[in-house]
Structure formats: C-alpha cells, structure tokens
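Peer 1: My questions all concern the structure below.
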Amino acid sequence: MQKKTRQKQAVQSVFAAAAGPLGPQEIAAAARESVPGLGIATVYRCIKELMEVGWLVSVLTPVGTRFESAGKEHHHHFFCSECTRTFDIGGCVGGFDQFVPAGFLAEGHELTISGKCESCARRADAGLMVT
Ligand SMILES: [Zn+2]
Ligand SMILES: [Zn+2]
C-alpha cells in the first residue's frame with residue numbers, strides 16, 4: 001500500500017473511534033499508533049483532502065477548529081473548559097423555531113454545552129475534598 005494512502009487511512013480510522021470532534025494534534029497523536037512518526041504537516045494535508053471530498057466537516061469550538069466525519073446523525077457537542085476536549089452528545093430538545101425572528105428562515109442550529117467532562121469533574125471533586 002502506498003505510504004500516502006496508509007497515512008490517510010490512519011487519519012480516517014481515528015475518527016471511527018473518536019468520542020467527538022478532534023483537533024489536528026489529537027488526530028496526529030492517535031494516528032501515530034498505526035503510523036509511527038506521522039508528522040503534523042501530513043495530518044493537515046490529510047484533513048484538507050478529506051474536507052475537499054466532503055468526508056470531514058469542521059466544528060468550531062472555543063479553542064479553535066475541530067473536525068468530525070461528515071454525515072453523522074443530528075447531534076450536539078459538549079466542550080470541556082478544563083481539558084478543552086469536545087464530545088458528541090446525542091438527543092435534541094428541538095423547538096428552536098420559537099426563537100427565530102419573524103420573517104427569518106431557520107435552516108439549522110448548533111448547540112454546545114460547556115463545562116467539565118467526567119474525568120475533569122471528578123478531579124475537581126477530589127481537589128475540593130483535599131482543601
Ligand atoms: Zn475534561
Ligand atoms: Zn439539535
């Protein structure tokens with residue numbers, strides 16, 4: 001298999017196991033498990049190519065752009081302000097049409113809940129017990 005193909009497949013497989021949108025550094029770290037020494041420039045190139053063919057979409061987070069595979073079911077995100085990881089969360093309350101001004105046409109929405117992920121929340125709890 002061509003080196004380039006192998007690199008791209010490694011990047012793609014990272015998204016299959018991802019708990020949420022990933023940043024380039026996270027992608028590189030995970031992909032290095034199957035392609036040791038994979039450079040960040042290569043990861044950026046793979047992201048660009050996968051965006052161009054519509055395999056990846058970008059997700060804006062408070063700490064920059066992350067990426068997730070396209071065509072996922074409607075979902076939202078949880079942003080951990082402690083470790084800055086972003087997680088997928090399922091379900092949608094819907095009913096956002098009521099907030100749309102008269103005459104406007106809504107075509108979609110994005111929703112990100114921020115706070116602390118499970119492991120960061122647990123760490124914060126433990127910290128409180130010590131003090
Ligand atoms: Zn966290
Ligand atoms: Zn929704």
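In the structure tokens, chains take letters A, B, ... by order of appearance, with residues numbered from 1 within each chain and ligands from 1 in the order shown.
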Output the neighbourhood of ligand 2 as a ChimeraX atom specification, that is, all protein and nucleic acid residues with some atom at most 8 Å from the ligand, counting only C-alpha atoms and all ligand atoms.

Peer 2: /A:74-76,91-94,109-111

Peer 1: Quick one: residues within 7 Å of stretch 39-51 of chain A, only C-alpha atoms counted, chain neighbours fewer than 5 positions away excluded, as a PDB file with N, CA, C and O atoms, in the first residue's frame?

Peer 2:
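Listing of part.pdb after writing:
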```pdb
ATOM      1  N   LYS A   8      -3.486   8.382   5.160  1.00  0.00           N
ATOM      2  CA  LYS A   8      -4.847   8.901   5.135  1.00  0.00           C
ATOM      3  C   LYS A   8      -5.809   7.925   5.821  1.00  0.00           C
ATOM      4  O   LYS A   8      -6.711   8.332   6.540  1.00  0.00           O
ATOM      5  N   PRO A  24      -6.156  18.896  15.128  1.00  0.00           N
ATOM      6  CA  PRO A  24      -5.031  18.283  14.410  1.00  0.00           C
ATOM      7  C   PRO A  24      -4.041  17.551  15.324  1.00  0.00           C
ATOM      8  O   PRO A  24      -3.575  16.463  14.981  1.00  0.00           O
ATOM      9  N   ALA A  28      -3.202  13.620  15.147  1.00  0.00           N
ATOM     10  CA  ALA A  28      -1.827  13.158  14.948  1.00  0.00           C
ATOM     11  C   ALA A  28      -1.434  12.152  16.023  1.00  0.00           C
ATOM     12  O   ALA A  28      -0.891  11.084  15.720  1.00  0.00           O
ATOM     13  N   LEU A  56     -14.852  14.958   5.766  1.00  0.00           N
ATOM     14  CA  LEU A  56     -14.728  15.615   7.062  1.00  0.00           C
ATOM     15  C   LEU A  56     -15.453  16.955   7.038  1.00  0.00           C
ATOM     16  O   LEU A  56     -15.527  17.609   5.990  1.00  0.00           O
ATOM     17  N   VAL A  57     -15.975  17.355   8.183  1.00  0.00           N
ATOM     18  CA  VAL A  57     -16.524  18.706   8.309  1.00  0.00           C
ATOM     19  C   VAL A  57     -15.866  19.375   9.512  1.00  0.00           C
ATOM     20  O   VAL A  57     -15.402  18.700  10.429  1.00  0.00           O
TER      21      VAL A  57
END
```

Peer 1: I need the residues of chain A that end up classed as strand (DSSP E) by DSSP on the backbone, written out as a list in words.

Peer 2: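 Filtering chain A to strand (DSSP E) leaves Leu56, Val57, Ser58, Val59, Leu60, Thr61, Gly64, Thr65, Arg66, Phe67, Glu68, Ser69, His76, His77, Phe78, Phe79, Cys80, Thr86, Phe87, Asp88, Ile89, Thr112, Ile113, Ser114 and Gly115 of chain A.
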
Peer 1: Please produce a file of the residues just selected, as an mmCIF file, in the first residue's frame, where the atoms kept are N, CA, C and O atoms.

Peer 2:
```cif
data_model
loop_
_atom_site.group_PDB
_atom_site.id
_atom_site.type_symbol
_atom_site.label_atom_id
_atom_site.label_comp_id
_atom_site.auth_asym_id
_atom_site.auth_seq_id
_atom_site.Cartn_x
_atom_site.Cartn_y
_atom_site.Cartn_z
ATOM 1 N N LEU A 56 -14.852 14.958 5.766
ATOM 2 C CA LEU A 56 -14.728 15.615 7.062
ATOM 3 C C LEU A 56 -15.453 16.955 7.038
ATOM 4 O O LEU A 56 -15.527 17.609 5.990
ATOM 5 N N VAL A 57 -15.975 17.355 8.183
ATOM 6 C CA VAL A 57 -16.524 18.706 8.309
ATOM 7 C C VAL A 57 -15.866 19.375 9.512
ATOM 8 O O VAL A 57 -15.402 18.700 10.429
ATOM 9 N N SER A 58 -15.816 20.702 9.494
ATOM 10 C CA SER A 58 -15.195 21.415 10.604
ATOM 11 C C SER A 58 -16.232 21.776 11.652
ATOM 12 O O SER A 58 -17.409 21.972 11.355
ATOM 13 N N VAL A 59 -15.794 21.827 12.876
ATOM 14 C CA VAL A 59 -16.642 22.192 14.011
ATOM 15 C C VAL A 59 -15.908 23.288 14.770
ATOM 16 O O VAL A 59 -14.746 23.114 15.142
ATOM 17 N N LEU A 60 -16.559 24.409 14.977
ATOM 18 C CA LEU A 60 -15.907 25.486 15.713
ATOM 19 C C LEU A 60 -16.063 25.259 17.203
ATOM 20 O O LEU A 60 -17.157 24.992 17.683
ATOM 21 N N THR A 61 -14.967 25.341 17.930
ATOM 22 C CA THR A 61 -15.029 25.220 19.387
ATOM 23 C C THR A 61 -14.372 26.472 19.977
ATOM 24 O O THR A 61 -13.697 27.214 19.257
ATOM 25 N N GLY A 64 -10.756 26.743 18.969
ATOM 26 C CA GLY A 64 -10.333 26.605 17.581
ATOM 27 C C GLY A 64 -11.134 25.561 16.837
ATOM 28 O O GLY A 64 -12.081 24.979 17.361
ATOM 29 N N THR A 65 -10.721 25.333 15.605
ATOM 30 C CA THR A 65 -11.454 24.423 14.734
ATOM 31 C C THR A 65 -11.121 22.972 15.031
ATOM 32 O O THR A 65 -9.958 22.611 15.202
ATOM 33 N N ARG A 66 -12.157 22.162 15.125
ATOM 34 C CA ARG A 66 -12.004 20.711 15.252
ATOM 35 C C ARG A 66 -12.682 20.082 14.051
ATOM 36 O O ARG A 66 -13.386 20.760 13.311
ATOM 37 N N PHE A 67 -12.492 18.793 13.903
ATOM 38 C CA PHE A 67 -13.047 18.105 12.728
ATOM 39 C C PHE A 67 -13.786 16.845 13.138
ATOM 40 O O PHE A 67 -13.426 16.188 14.111
ATOM 41 N N GLU A 68 -14.838 16.535 12.391
ATOM 42 C CA GLU A 68 -15.552 15.277 12.609
ATOM 43 C C GLU A 68 -15.977 14.731 11.253
ATOM 44 O O GLU A 68 -16.040 15.470 10.266
ATOM 45 N N SER A 69 -16.288 13.433 11.220
ATOM 46 C CA SER A 69 -16.679 12.856 9.940
ATOM 47 C C SER A 69 -18.061 13.373 9.558
ATOM 48 O O SER A 69 -18.923 13.579 10.412
ATOM 49 N N HIS A 76 -25.189 17.160 19.102
ATOM 50 C CA HIS A 76 -24.607 18.384 19.644
ATOM 51 C C HIS A 76 -23.286 18.073 20.319
ATOM 52 O O HIS A 76 -22.845 16.937 20.310
ATOM 53 N N HIS A 77 -22.695 19.108 20.900
ATOM 54 C CA HIS A 77 -21.373 18.921 21.478
ATOM 55 C C HIS A 77 -21.285 19.406 22.921
ATOM 56 O O HIS A 77 -22.022 20.304 23.333
ATOM 57 N N PHE A 78 -20.389 18.773 23.635
ATOM 58 C CA PHE A 78 -20.063 19.208 24.989
ATOM 59 C C PHE A 78 -18.598 19.607 24.975
ATOM 60 O O PHE A 78 -17.733 18.820 24.609
ATOM 61 N N PHE A 79 -18.339 20.833 25.388
ATOM 62 C CA PHE A 79 -16.960 21.331 25.408
ATOM 63 C C PHE A 79 -16.461 21.384 26.848
ATOM 64 O O PHE A 79 -17.076 22.032 27.706
ATOM 65 N N CYS A 80 -15.372 20.667 27.121
ATOM 66 C CA CYS A 80 -14.786 20.697 28.468
ATOM 67 C C CYS A 80 -13.808 21.862 28.547
ATOM 68 O O CYS A 80 -12.802 21.885 27.839
ATOM 69 N N THR A 86 -13.671 18.109 23.083
ATOM 70 C CA THR A 86 -15.070 18.259 22.700
ATOM 71 C C THR A 86 -15.672 16.877 22.492
ATOM 72 O O THR A 86 -15.061 16.019 21.869
ATOM 73 N N PHE A 87 -16.859 16.651 23.048
ATOM 74 C CA PHE A 87 -17.513 15.349 22.979
ATOM 75 C C PHE A 87 -18.846 15.471 22.236
ATOM 76 O O PHE A 87 -19.545 16.473 22.358
ATOM 77 N N ASP A 88 -19.202 14.412 21.524
ATOM 78 C CA ASP A 88 -20.530 14.352 20.899
ATOM 79 C C ASP A 88 -21.566 14.053 21.969
ATOM 80 O O ASP A 88 -21.331 13.223 22.846
ATOM 81 N N ILE A 89 -22.695 14.708 21.912
ATOM 82 C CA ILE A 89 -23.815 14.323 22.756
ATOM 83 C C ILE A 89 -25.050 14.147 21.874
ATOM 84 O O ILE A 89 -25.286 14.908 20.938
ATOM 85 N N THR A 112 -23.668 23.900 21.766
ATOM 86 C CA THR A 112 -22.543 23.360 22.520
ATOM 87 C C THR A 112 -22.760 23.650 23.998
ATOM 88 O O THR A 112 -22.969 24.797 24.383
ATOM 89 N N ILE A 113 -22.758 22.618 24.799
ATOM 90 C CA ILE A 113 -22.840 22.790 26.243
ATOM 91 C C ILE A 113 -21.407 22.806 26.747
ATOM 92 O O ILE A 113 -20.585 21.986 26.334
ATOM 93 N N SER A 114 -21.087 23.762 27.605
ATOM 94 C CA SER A 114 -19.723 23.799 28.128
ATOM 95 C C SER A 114 -19.710 23.455 29.602
ATOM 96 O O SER A 114 -20.723 23.579 30.292
ATOM 97 N N GLY A 115 -18.575 23.026 30.067
ATOM 98 C CA GLY A 115 -18.438 22.644 31.474
ATOM 99 C C GLY A 115 -17.233 21.750 31.644
ATOM 100 O O GLY A 115 -16.212 21.977 31.002
#
```

Peer 1: As a quick test: using only C-alpha atoms and all ligand atoms, which residues lie no more than 6 Å away from ligand 1? Give them as an NGL selection string.

Peer 2: :A and (80 or 82-83 or 116-117 or 119-120)

Peer 1: Quick one: pull the distance between atom CA of A:Lys72 and atom CA of A:Ala16, Å, one decimal.

Peer 2: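 Computing it gives 11.2 Å between the two atoms.
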
Peer 1: Write out as number ranges by chain which residues come within 12 Å of A:Ala10 when counting only C-alpha atoms, dropping same-chain ones fewer than 4 positions away.

Peer 2: A: 3-6, 14-17, 27-36, 38, 42-43, 46-47
